[in-house]
Structures are given as structure tokens and as C-alpha cells.
$ cat query-v1.tsv   # TSV, N, CA and C atoms
chain	number	residue	atom	x	y	z
J	1	MET	N	200.79	273.27	118.49
J	1	MET	CA	199.92	273.91	117.51
J	1	MET	C	200.35	275.37	117.35
J	2	ARG	N	200.44	275.81	116.12
J	2	ARG	CA	200.83	277.19	115.83
J	2	ARG	C	199.62	278.12	115.93
J	3	THR	N	199.88	279.30	116.49
J	3	THR	CA	198.84	280.30	116.67
J	3	THR	C	199.37	281.63	116.16
J	4	ASN	N	198.47	282.49	115.69
J	4	ASN	CA	198.86	283.82	115.24
J	4	ASN	C	198.90	284.77	116.43
J	5	TYR	N	199.90	285.66	116.41
J	5	TYR	CA	200.06	286.65	117.47
J	5	TYR	C	200.35	288.01	116.84
J	6	LEU	N	199.87	289.05	117.50
J	6	LEU	CA	200.16	290.42	117.11
J	6	LEU	C	201.37	290.86	117.92
J	7	VAL	N	202.39	291.38	117.25
J	7	VAL	CA	203.58	291.87	117.94
J	7	VAL	C	203.25	293.24	118.52
J	8	ALA	N	203.31	293.33	119.86
J	8	ALA	CA	202.97	294.57	120.56
J	8	ALA	C	204.21	295.41	120.86
J	9	LYS	N	205.35	294.74	121.09
J	9	LYS	CA	206.62	295.43	121.34
J	9	LYS	C	207.69	294.75	120.50
J	10	GLU	N	208.70	295.51	120.13
J	10	GLU	CA	209.77	295.00	119.28
J	10	GLU	C	210.41	293.73	119.86
J	11	ILE	N	210.67	292.75	118.97
J	11	ILE	CA	211.27	291.48	119.37
J	11	ILE	C	212.49	291.22	118.49
J	12	LYS	N	213.58	290.79	119.14
J	12	LYS	CA	214.76	290.34	118.41
J	12	LYS	C	214.73	288.82	118.44
J	13	ALA	N	214.75	288.20	117.27
J	13	ALA	CA	214.66	286.74	117.18
J	13	ALA	C	215.89	286.18	116.48
J	14	LYS	N	216.41	285.09	117.04
J	14	LYS	CA	217.54	284.41	116.39
J	14	LYS	C	217.00	283.46	115.34
J	15	LEU	N	217.58	283.54	114.15
J	15	LEU	CA	217.20	282.68	113.04
J	15	LEU	C	218.23	281.57	112.86
J	16	LYS	N	217.88	280.61	112.04
J	16	LYS	CA	218.83	279.55	111.73
J	16	LYS	C	220.07	280.19	111.11
J	17	GLY	N	221.22	279.71	111.48
J	17	GLY	CA	222.46	280.28	110.97
J	17	GLY	C	222.98	281.40	111.84
J	18	GLY	N	222.29	281.70	112.94
J	18	GLY	CA	222.76	282.70	113.88
J	18	GLY	C	222.39	284.14	113.58
J	19	LYS	N	221.70	284.37	112.49
J	19	LYS	CA	221.29	285.74	112.17
J	19	LYS	C	220.19	286.19	113.13
J	20	VAL	N	220.11	287.51	113.34
J	20	VAL	CA	219.10	288.08	114.22
J	20	VAL	C	218.12	288.88	113.37
J	21	ALA	N	216.83	288.64	113.60
J	21	ALA	CA	215.79	289.38	112.88
J	21	ALA	C	215.08	290.30	113.87
J	22	LEU	N	214.72	291.47	113.41
J	22	LEU	CA	213.98	292.43	114.21
J	22	LEU	C	212.52	292.37	113.78
J	23	ILE	N	211.64	292.03	114.70
J	23	ILE	CA	210.21	291.93	114.40
J	23	ILE	C	209.54	293.15	115.03
J	24	ARG	N	208.94	293.95	114.21
J	24	ARG	CA	208.40	295.24	114.64
J	24	ARG	C	206.95	295.15	115.12
J	25	PRO	N	206.55	296.07	116.00
J	25	PRO	CA	205.16	296.12	116.45
J	25	PRO	C	204.20	296.25	115.27
J	26	GLY	N	203.07	295.55	115.38
J	26	GLY	CA	202.07	295.57	114.33
J	26	GLY	C	202.17	294.39	113.39
J	27	GLU	N	203.32	293.72	113.38
J	27	GLU	CA	203.47	292.54	112.53
J	27	GLU	C	202.74	291.36	113.16
J	28	ILE	N	202.39	290.41	112.33
J	28	ILE	CA	201.72	289.21	112.81
J	28	ILE	C	202.68	288.05	112.61
J	29	VAL	N	202.86	287.24	113.68
J	29	VAL	CA	203.74	286.08	113.61
J	29	VAL	C	202.95	284.83	114.00
J	30	SER	N	203.41	283.70	113.54
J	30	SER	CA	202.80	282.42	113.86
J	30	SER	C	203.82	281.57	114.62
J	31	LEU	N	203.48	281.19	115.86
J	31	LEU	CA	204.41	280.44	116.70
J	31	LEU	C	203.70	279.31	117.44
J	32	ASP	N	204.50	278.34	117.88
J	32	ASP	CA	203.98	277.32	118.79
J	32	ASP	C	203.69	277.99	120.13
J	33	SER	N	202.70	277.50	120.83
J	33	SER	CA	202.28	278.08	122.11
J	33	SER	C	203.42	278.19	123.11
J	34	GLU	N	204.25	277.11	123.21
J	34	GLU	CA	205.34	277.12	124.18
J	34	GLU	C	206.36	278.21	123.89
J	35	LYS	N	206.67	278.42	122.61
J	35	LYS	CA	207.64	279.45	122.24
J	35	LYS	C	207.08	280.86	122.45
J	36	ALA	N	205.77	281.01	122.30
J	36	ALA	CA	205.15	282.32	122.43
J	36	ALA	C	204.96	282.74	123.89
J	37	GLU	N	204.85	281.77	124.80
J	37	GLU	CA	204.52	282.05	126.20
J	37	GLU	C	205.39	283.11	126.87
J	38	PRO	N	206.73	283.05	126.76
J	38	PRO	CA	207.54	284.09	127.41
J	38	PRO	C	207.29	285.49	126.83
J	39	PHE	N	206.98	285.56	125.55
J	39	PHE	CA	206.71	286.85	124.91
J	39	PHE	C	205.33	287.40	125.33
J	40	ILE	N	204.40	286.50	125.57
J	40	ILE	CA	203.08	286.92	126.05
J	40	ILE	C	203.20	287.47	127.46
J	41	LYS	N	203.98	286.79	128.30
J	41	LYS	CA	204.16	287.23	129.69
J	41	LYS	C	204.81	288.60	129.78
J	42	THR	N	205.70	288.91	128.84
J	42	THR	CA	206.36	290.22	128.83
J	42	THR	C	205.60	291.24	127.97
J	43	GLU	N	204.41	290.85	127.54
J	43	GLU	CA	203.51	291.70	126.74
J	43	GLU	C	204.11	292.13	125.41
J	44	LYS	N	205.00	291.31	124.86
J	44	LYS	CA	205.55	291.58	123.54
J	44	LYS	C	204.66	290.99	122.44
J	45	LEU	N	203.90	289.96	122.79
J	45	LEU	CA	202.96	289.33	121.86
J	45	LEU	C	201.57	289.30	122.49
J	46	LYS	N	200.57	289.41	121.61
J	46	LYS	CA	199.18	289.25	122.04
J	46	LYS	C	198.53	288.25	121.10
J	47	PRO	N	197.80	287.27	121.66
J	47	PRO	CA	197.12	286.30	120.80
J	47	PRO	C	196.20	287.01	119.82
J	48	LEU	N	196.16	286.51	118.62
J	48	LEU	CA	195.37	287.14	117.57
J	48	LEU	C	194.57	286.07	116.84
J	49	VAL	N	193.31	286.34	116.66
J	49	VAL	CA	192.44	285.42	115.94
J	49	VAL	C	191.98	286.12	114.67
J	50	MET	N	192.11	285.44	113.55
J	50	MET	CA	191.63	286.01	112.29
J	50	MET	C	190.41	285.24	111.83
J	51	VAL	N	189.40	285.97	111.41
J	51	VAL	CA	188.16	285.35	110.99
J	51	VAL	C	187.75	285.87	109.63
J	52	GLU	N	186.94	285.09	108.94
J	52	GLU	CA	186.42	285.49	107.64
J	52	GLU	C	185.07	286.20	107.77
J	53	ASN	N	184.19	285.62	108.56
J	53	ASN	CA	182.84	286.17	108.70
J	53	ASN	C	182.48	286.33	110.17
J	54	MET	N	182.13	287.55	110.56
J	54	MET	CA	181.68	287.79	111.91
J	54	MET	C	180.84	289.06	111.91
J	55	HIS	N	179.74	289.05	112.63
J	55	HIS	CA	178.89	290.23	112.76
J	55	HIS	C	179.69	291.31	113.50
J	56	PRO	N	179.54	292.58	113.13
J	56	PRO	CA	180.30	293.65	113.80
J	56	PRO	C	180.16	293.65	115.32
J	57	GLU	N	179.01	293.30	115.84
J	57	GLU	CA	178.83	293.30	117.30
J	57	GLU	C	179.74	292.26	117.96
J	58	GLY	N	179.81	291.07	117.39
J	58	GLY	CA	180.71	290.03	117.91
J	58	GLY	C	182.16	290.40	117.72
J	59	CYS	N	182.44	291.03	116.62
J	59	CYS	CA	183.80	291.44	116.31
J	59	CYS	C	184.31	292.46	117.32
J	60	SER	N	183.47	293.41	117.70
J	60	SER	CA	183.90	294.48	118.60
J	60	SER	C	184.23	293.97	120.00
J	61	LYS	N	183.78	292.77	120.35
J	61	LYS	CA	184.06	292.19	121.66
J	61	LYS	C	185.30	291.31	121.65
J	62	SER	N	185.96	291.19	120.50
J	62	SER	CA	187.11	290.32	120.33
J	62	SER	C	188.38	291.13	120.15
J	63	PHE	N	189.53	290.48	120.33
J	63	PHE	CA	190.82	291.12	120.08
J	63	PHE	C	191.32	290.59	118.74
J	64	LEU	N	190.93	291.28	117.67
J	64	LEU	CA	191.23	290.81	116.33
J	64	LEU	C	191.84	291.92	115.48
J	65	ALA	N	192.68	291.52	114.54
J	65	ALA	CA	193.20	292.45	113.54
J	65	ALA	C	193.44	291.66	112.27
J	66	LYS	N	193.13	292.29	111.15
J	66	LYS	CA	193.33	291.65	109.85
J	66	LYS	C	194.18	292.57	108.99
J	67	LYS	N	195.34	292.08	108.58
J	67	LYS	CA	196.24	292.85	107.72
J	67	LYS	C	195.78	292.68	106.28
J	68	VAL	N	195.69	293.80	105.56
J	68	VAL	CA	195.24	293.78	104.17
J	68	VAL	C	196.18	294.62	103.32
J	69	ASN	N	196.68	294.03	102.24
J	69	ASN	CA	197.48	294.77	101.26
J	69	ASN	C	196.52	295.35	100.23
J	70	LEU	N	196.51	296.66	100.10
J	70	LEU	CA	195.61	297.31	99.15
J	70	LEU	C	196.42	298.08	98.11
J	71	SER	N	196.50	297.53	96.93
J	71	SER	CA	197.24	298.21	95.87
J	71	SER	C	196.54	299.52	95.48
J	72	SER	N	195.22	299.56	95.62
J	72	SER	CA	194.48	300.77	95.25
J	72	SER	C	194.81	301.94	96.19
J	73	LEU	N	195.28	301.64	97.41
J	73	LEU	CA	195.68	302.69	98.34
J	73	LEU	C	197.20	302.73	98.51
J	74	ASN	N	197.91	301.94	97.73
J	74	ASN	CA	199.37	301.89	97.76
J	74	ASN	C	199.92	301.56	99.15
J	75	GLY	N	199.38	300.56	99.80
J	75	GLY	CA	199.92	300.23	101.10
J	75	GLY	C	199.18	299.13	101.82
J	76	VAL	N	199.53	299.01	103.08
J	76	VAL	CA	198.95	298.00	103.96
J	76	VAL	C	198.08	298.71	104.99
J	77	ILE	N	196.93	298.14	105.25
J	77	ILE	CA	196.08	298.63	106.32
J	77	ILE	C	195.69	297.46	107.21
J	78	TYR	N	195.19	297.78	108.37
J	78	TYR	CA	194.67	296.76	109.27
J	78	TYR	C	193.22	297.08	109.59
J	79	PHE	N	192.42	296.05	109.68
J	79	PHE	CA	191.08	296.18	110.20
J	79	PHE	C	191.13	295.69	111.64
J	80	ALA	N	190.81	296.55	112.58
J	80	ALA	CA	190.86	296.23	114.01
J	80	ALA	C	189.44	296.00	114.51
J	81	SER	N	189.30	295.01	115.39
J	81	SER	CA	187.97	294.63	115.86
J	81	SER	C	187.35	295.64	116.80
J	82	ASN	N	188.15	296.40	117.50
J	82	ASN	CA	187.59	297.35	118.46
J	82	ASN	C	188.55	298.51	118.70
J	83	GLU	N	188.10	299.45	119.50
J	83	GLU	CA	188.91	300.65	119.76
J	83	GLU	C	190.22	300.33	120.46
J	84	CYS	N	190.22	299.34	121.33
J	84	CYS	CA	191.44	298.95	122.06
J	84	CYS	C	192.52	298.49	121.07
J	85	VAL	N	192.14	297.63	120.16
J	85	VAL	CA	193.09	297.13	119.15
J	85	VAL	C	193.52	298.28	118.24
J	86	ALA	N	192.56	299.10	117.82
J	86	ALA	CA	192.87	300.22	116.92
J	86	ALA	C	193.83	301.21	117.59
J	87	LYS	N	193.60	301.47	118.87
J	87	LYS	CA	194.47	302.41	119.59
J	87	LYS	C	195.90	301.87	119.66
J	88	GLU	N	196.03	300.59	119.93
J	88	GLU	CA	197.36	299.98	120.01
J	88	GLU	C	198.06	300.04	118.65
J	89	LEU	N	197.35	299.71	117.59
J	89	LEU	CA	197.95	299.73	116.25
J	89	LEU	C	198.28	301.15	115.81
J	90	SER	N	197.33	302.07	115.97
J	90	SER	CA	197.59	303.44	115.51
J	90	SER	C	198.66	304.12	116.34
J	91	GLY	N	198.80	303.70	117.60
J	91	GLY	CA	199.87	304.23	118.45
J	91	GLY	C	201.24	303.84	117.94
J	92	LYS	N	201.29	302.83	117.11
J	92	LYS	CA	202.55	302.38	116.52
J	92	LYS	C	202.69	302.85	115.07
J	93	GLY	N	201.82	303.81	114.68
J	93	GLY	CA	201.90	304.37	113.34
J	93	GLY	C	201.27	303.52	112.26
J	94	ILE	N	200.44	302.56	112.65
J	94	ILE	CA	199.81	301.66	111.69
J	94	ILE	C	198.41	302.18	111.36
J	95	VAL	N	198.12	302.34	110.08
J	95	VAL	CA	196.80	302.78	109.66
J	95	VAL	C	195.82	301.63	109.85
J	96	CYS	N	194.77	301.90	110.62
J	96	CYS	CA	193.79	300.83	110.87
J	96	CYS	C	192.37	301.41	110.89
J	97	TYR	N	191.45	300.52	110.62
J	97	TYR	CA	190.03	300.83	110.61
J	97	TYR	C	189.34	299.87	111.56
J	98	THR	N	188.40	300.37	112.36
J	98	THR	CA	187.66	299.50	113.28
J	98	THR	C	186.50	298.84	112.54
J	99	ALA	N	185.90	297.86	113.21
J	99	ALA	CA	184.73	297.18	112.65
J	99	ALA	C	183.61	298.19	112.39
J	100	ASP	N	183.43	299.15	113.30
J	100	ASP	CA	182.40	300.17	113.11
J	100	ASP	C	182.70	301.03	111.89
J	101	GLU	N	183.97	301.40	111.71
J	101	GLU	CA	184.35	302.19	110.54
J	101	GLU	C	184.14	301.40	109.26
J	102	LEU	N	184.48	300.12	109.29
J	102	LEU	CA	184.28	299.26	108.13
J	102	LEU	C	182.80	299.19	107.77
J	103	GLU	N	181.95	299.09	108.79
J	103	GLU	CA	180.51	299.06	108.53
J	103	GLU	C	180.05	300.37	107.89
J	104	THR	N	180.56	301.52	108.38
J	104	THR	CA	180.23	302.82	107.79
J	104	THR	C	180.71	302.90	106.35
J	105	LEU	N	181.95	302.47	106.12
J	105	LEU	CA	182.52	302.53	104.76
J	105	LEU	C	181.74	301.66	103.78
J	106	THR	N	181.31	300.50	104.23
J	106	THR	CA	180.61	299.60	103.31
J	106	THR	C	179.14	299.94	103.14
J	107	SER	N	178.56	300.66	104.11
J	107	SER	CA	177.15	301.02	103.99
J	107	SER	C	176.93	302.24	103.09
J	108	LYS	N	177.97	303.03	102.91
J	108	LYS	CA	177.90	304.21	102.04
J	108	LYS	C	178.47	303.84	100.67
J	109	GLN	N	178.11	304.58	99.68
J	109	GLN	CA	178.59	304.33	98.32
J	109	GLN	C	179.72	305.32	97.98
J	110	PHE	N	180.85	305.19	98.66
J	110	PHE	CA	181.98	306.09	98.42
J	110	PHE	C	182.63	305.80	97.08
J	111	ARG	N	183.02	306.87	96.40
J	111	ARG	CA	183.80	306.72	95.18
J	111	ARG	C	185.26	306.43	95.57
J	112	HIS	N	186.02	305.92	94.63
J	112	HIS	CA	187.41	305.57	94.90
J	112	HIS	C	188.21	306.78	95.38
J	113	ASP	N	188.02	307.94	94.75
J	113	ASP	CA	188.77	309.14	95.16
J	113	ASP	C	188.40	309.56	96.58
J	114	GLU	N	187.15	309.34	96.99
J	114	GLU	CA	186.73	309.66	98.35
J	114	GLU	C	187.40	308.72	99.36
J	115	LEU	N	187.47	307.44	99.01
J	115	LEU	CA	188.13	306.47	99.89
J	115	LEU	C	189.61	306.80	100.05
J	116	LYS	N	190.24	307.22	98.96
J	116	LYS	CA	191.65	307.61	99.04
J	116	LYS	C	191.84	308.80	99.97
J	117	LYS	N	190.94	309.77	99.91
J	117	LYS	CA	191.03	310.96	100.79
J	117	LYS	C	190.86	310.55	102.25
J	118	ILE	N	189.90	309.68	102.52
J	118	ILE	CA	189.68	309.19	103.89
J	118	ILE	C	190.95	308.51	104.39
J	119	HIS	N	191.55	307.69	103.54
J	119	HIS	CA	192.77	306.98	103.93
J	119	HIS	C	193.92	307.96	104.18
J	120	GLU	N	194.05	308.96	103.34
J	120	GLU	CA	195.10	309.96	103.52
J	120	GLU	C	194.94	310.68	104.86
J	121	ILE	N	193.70	311.00	105.22
J	121	ILE	CA	193.44	311.67	106.50
J	121	ILE	C	193.86	310.76	107.66
J	122	LYS	N	193.53	309.47	107.55
J	122	LYS	CA	193.90	308.53	108.62
J	122	LYS	C	195.42	308.38	108.72
J	123	MET	N	196.13	308.55	107.61
J	123	MET	CA	197.60	308.46	107.63
J	123	MET	C	198.19	309.71	108.31
J	124	VAL	N	197.61	310.87	108.02
J	124	VAL	CA	198.14	312.13	108.57
J	124	VAL	C	197.75	312.29	110.04
J	125	PHE	N	196.55	311.84	110.40
J	125	PHE	CA	196.04	311.98	111.77
J	125	PHE	C	195.84	310.59	112.38
J	126	PRO	N	196.91	310.00	112.93
J	126	PRO	CA	196.78	308.66	113.52
J	126	PRO	C	195.71	308.65	114.61
J	127	GLY	N	194.91	307.63	114.61
J	127	GLY	CA	193.85	307.49	115.60
J	127	GLY	C	192.56	308.19	115.22
J	128	SER	N	192.54	308.90	114.07
J	128	SER	CA	191.30	309.54	113.65
J	128	SER	C	190.27	308.48	113.31
J	129	LYS	N	188.98	308.85	113.43
J	129	LYS	CA	187.90	307.89	113.25
J	129	LYS	C	186.89	308.36	112.23
J	130	ILE	N	186.31	307.42	111.53
J	130	ILE	CA	185.21	307.69	110.60
J	130	ILE	C	183.93	307.54	111.41
J	131	ILE	N	183.15	308.63	111.51
J	131	ILE	CA	181.94	308.53	112.34
J	131	ILE	C	180.64	308.61	111.53
J	132	GLN	N	180.71	309.07	110.30
J	132	GLN	CA	179.49	309.14	109.49
J	132	GLN	C	179.79	308.69	108.07

$ encode --input "query-v1.tsv" --output "C-alpha cells"
Amino acid sequence: MRTNYLVAKEIKAKLKGGKVALIRPGEIVSLDSEKAEPFIKTEKLKPLVMVENMHPEGCSKSFLAKKVNLSSLNGVIYFASNECVAKELSGKGIVCYTADELETLTSKQFRHDELKKIHEIKMVFPGSKIIQ
């Protein structure tokens, strides 16, 4: 059975035809459990579960990340379930928002230009947090 994994450390993978692909931290890959096992043991992969609906409290207790392409922000962002996941992603230069930040963003009525400014700040200051 194939499972999704978050790439925690760079992986070199051999492809059909002998080519080598470089898989960078922060990417999500889908592999059979047996093939993923050696990478999990060396902490290059971490199991990742993606969900559609979950209460923020349950989300914060899980190891989850959701990759989202946002044309309105001209890029890719990740929604991380908790500070541990966010710290790992932002440490690799990936812009991410926690479940708590998502709740703050959705509970307020931010204009598009305000959301863009928030995103720009998170790009310039990796690991910064939205607290209000």
C-alpha cells in the first residue's frame, strides 16, 4: 500500500533508465511501505497524513502538512498541523502556516492586500508566527 511521506532530508533516487533524481526536503512523495522503511530509519522520510476536515485541536496533535499552490500569492505554501512540523518546514526555507495561524487568518476578515503582506513577512522572516 502506498503512503505519503514528507521528505525531511535530501534523497537521491534512481529512476527507470538509470537516471538519478534529487528529492528535496519539504517535498511529498508516495511510496510503498517496504521501500520507505530504510528512509524512515535514517530520518530522511517522515510519514505524512493528509486530511480534508479536522478540528484544529485534533490537527495540532498530529504530524500533518498540506501543500497548497496559491496563484494569488504567486507560490506554494504549506499548512502545518503543529509547531514541530512548522519548525521543520520553515527550517528548510518553506513558507508554512500552522493550524492555529490558519484559524486566526480565517476568523478575521483580511483583505487580499493584507494577506499578501502577511505572506511576504513570513517569506522574509522564516519561522515567524501570526498571533492575532

$ axis_aligned_box --input "query-v1.tsv" --around "range 75-78 of chain J" --padding-each-side "8 Å" --output "lines of an AutoDock Vina configuration file"
center_x = 196.6
center_y = 298.7
center_z = 104.7
size_x = 22.7
size_y = 19.8
size_z = 25.8

$ select_by_dssp --input "query-v1.tsv" --residues "chain J" --states "strand (DSSP E)" --output "count of residues only"
37

$ residues_around --input "query-v1.tsv" --residues "Leu73 in chain J" --least-positions-apart "4" --cutoff "8 Å" --atoms "all atoms listed in the file" --output "list in words"
Asn69, Leu115, Lys116 and His119 of chain J

$ atom_distance --input "query-v1.tsv" --atom1 "atom N of Cys84 in chain J" --atom2 "atom C of Ser72 in chain J"
25.7 Å

$ atom_distance --input "query-v1.tsv" --atom1 "CA of Ala8 in chain J" --atom2 "CA of Glu120 in chain J"
24.3 Å

$ residues_around --input "query-v1.tsv" --residues "Tyr78 in chain J" --least-positions-apart "5" --cutoff "6 Å" --atoms "all atoms listed in the file" --output "ChimeraX atom specification"
/J:66-68,95-97

$ atom_distance --input "query-v1.tsv" --atom1 "CA of Ser81 in chain J" --atom2 "CA of Asp100 in chain J"
8.3 Å
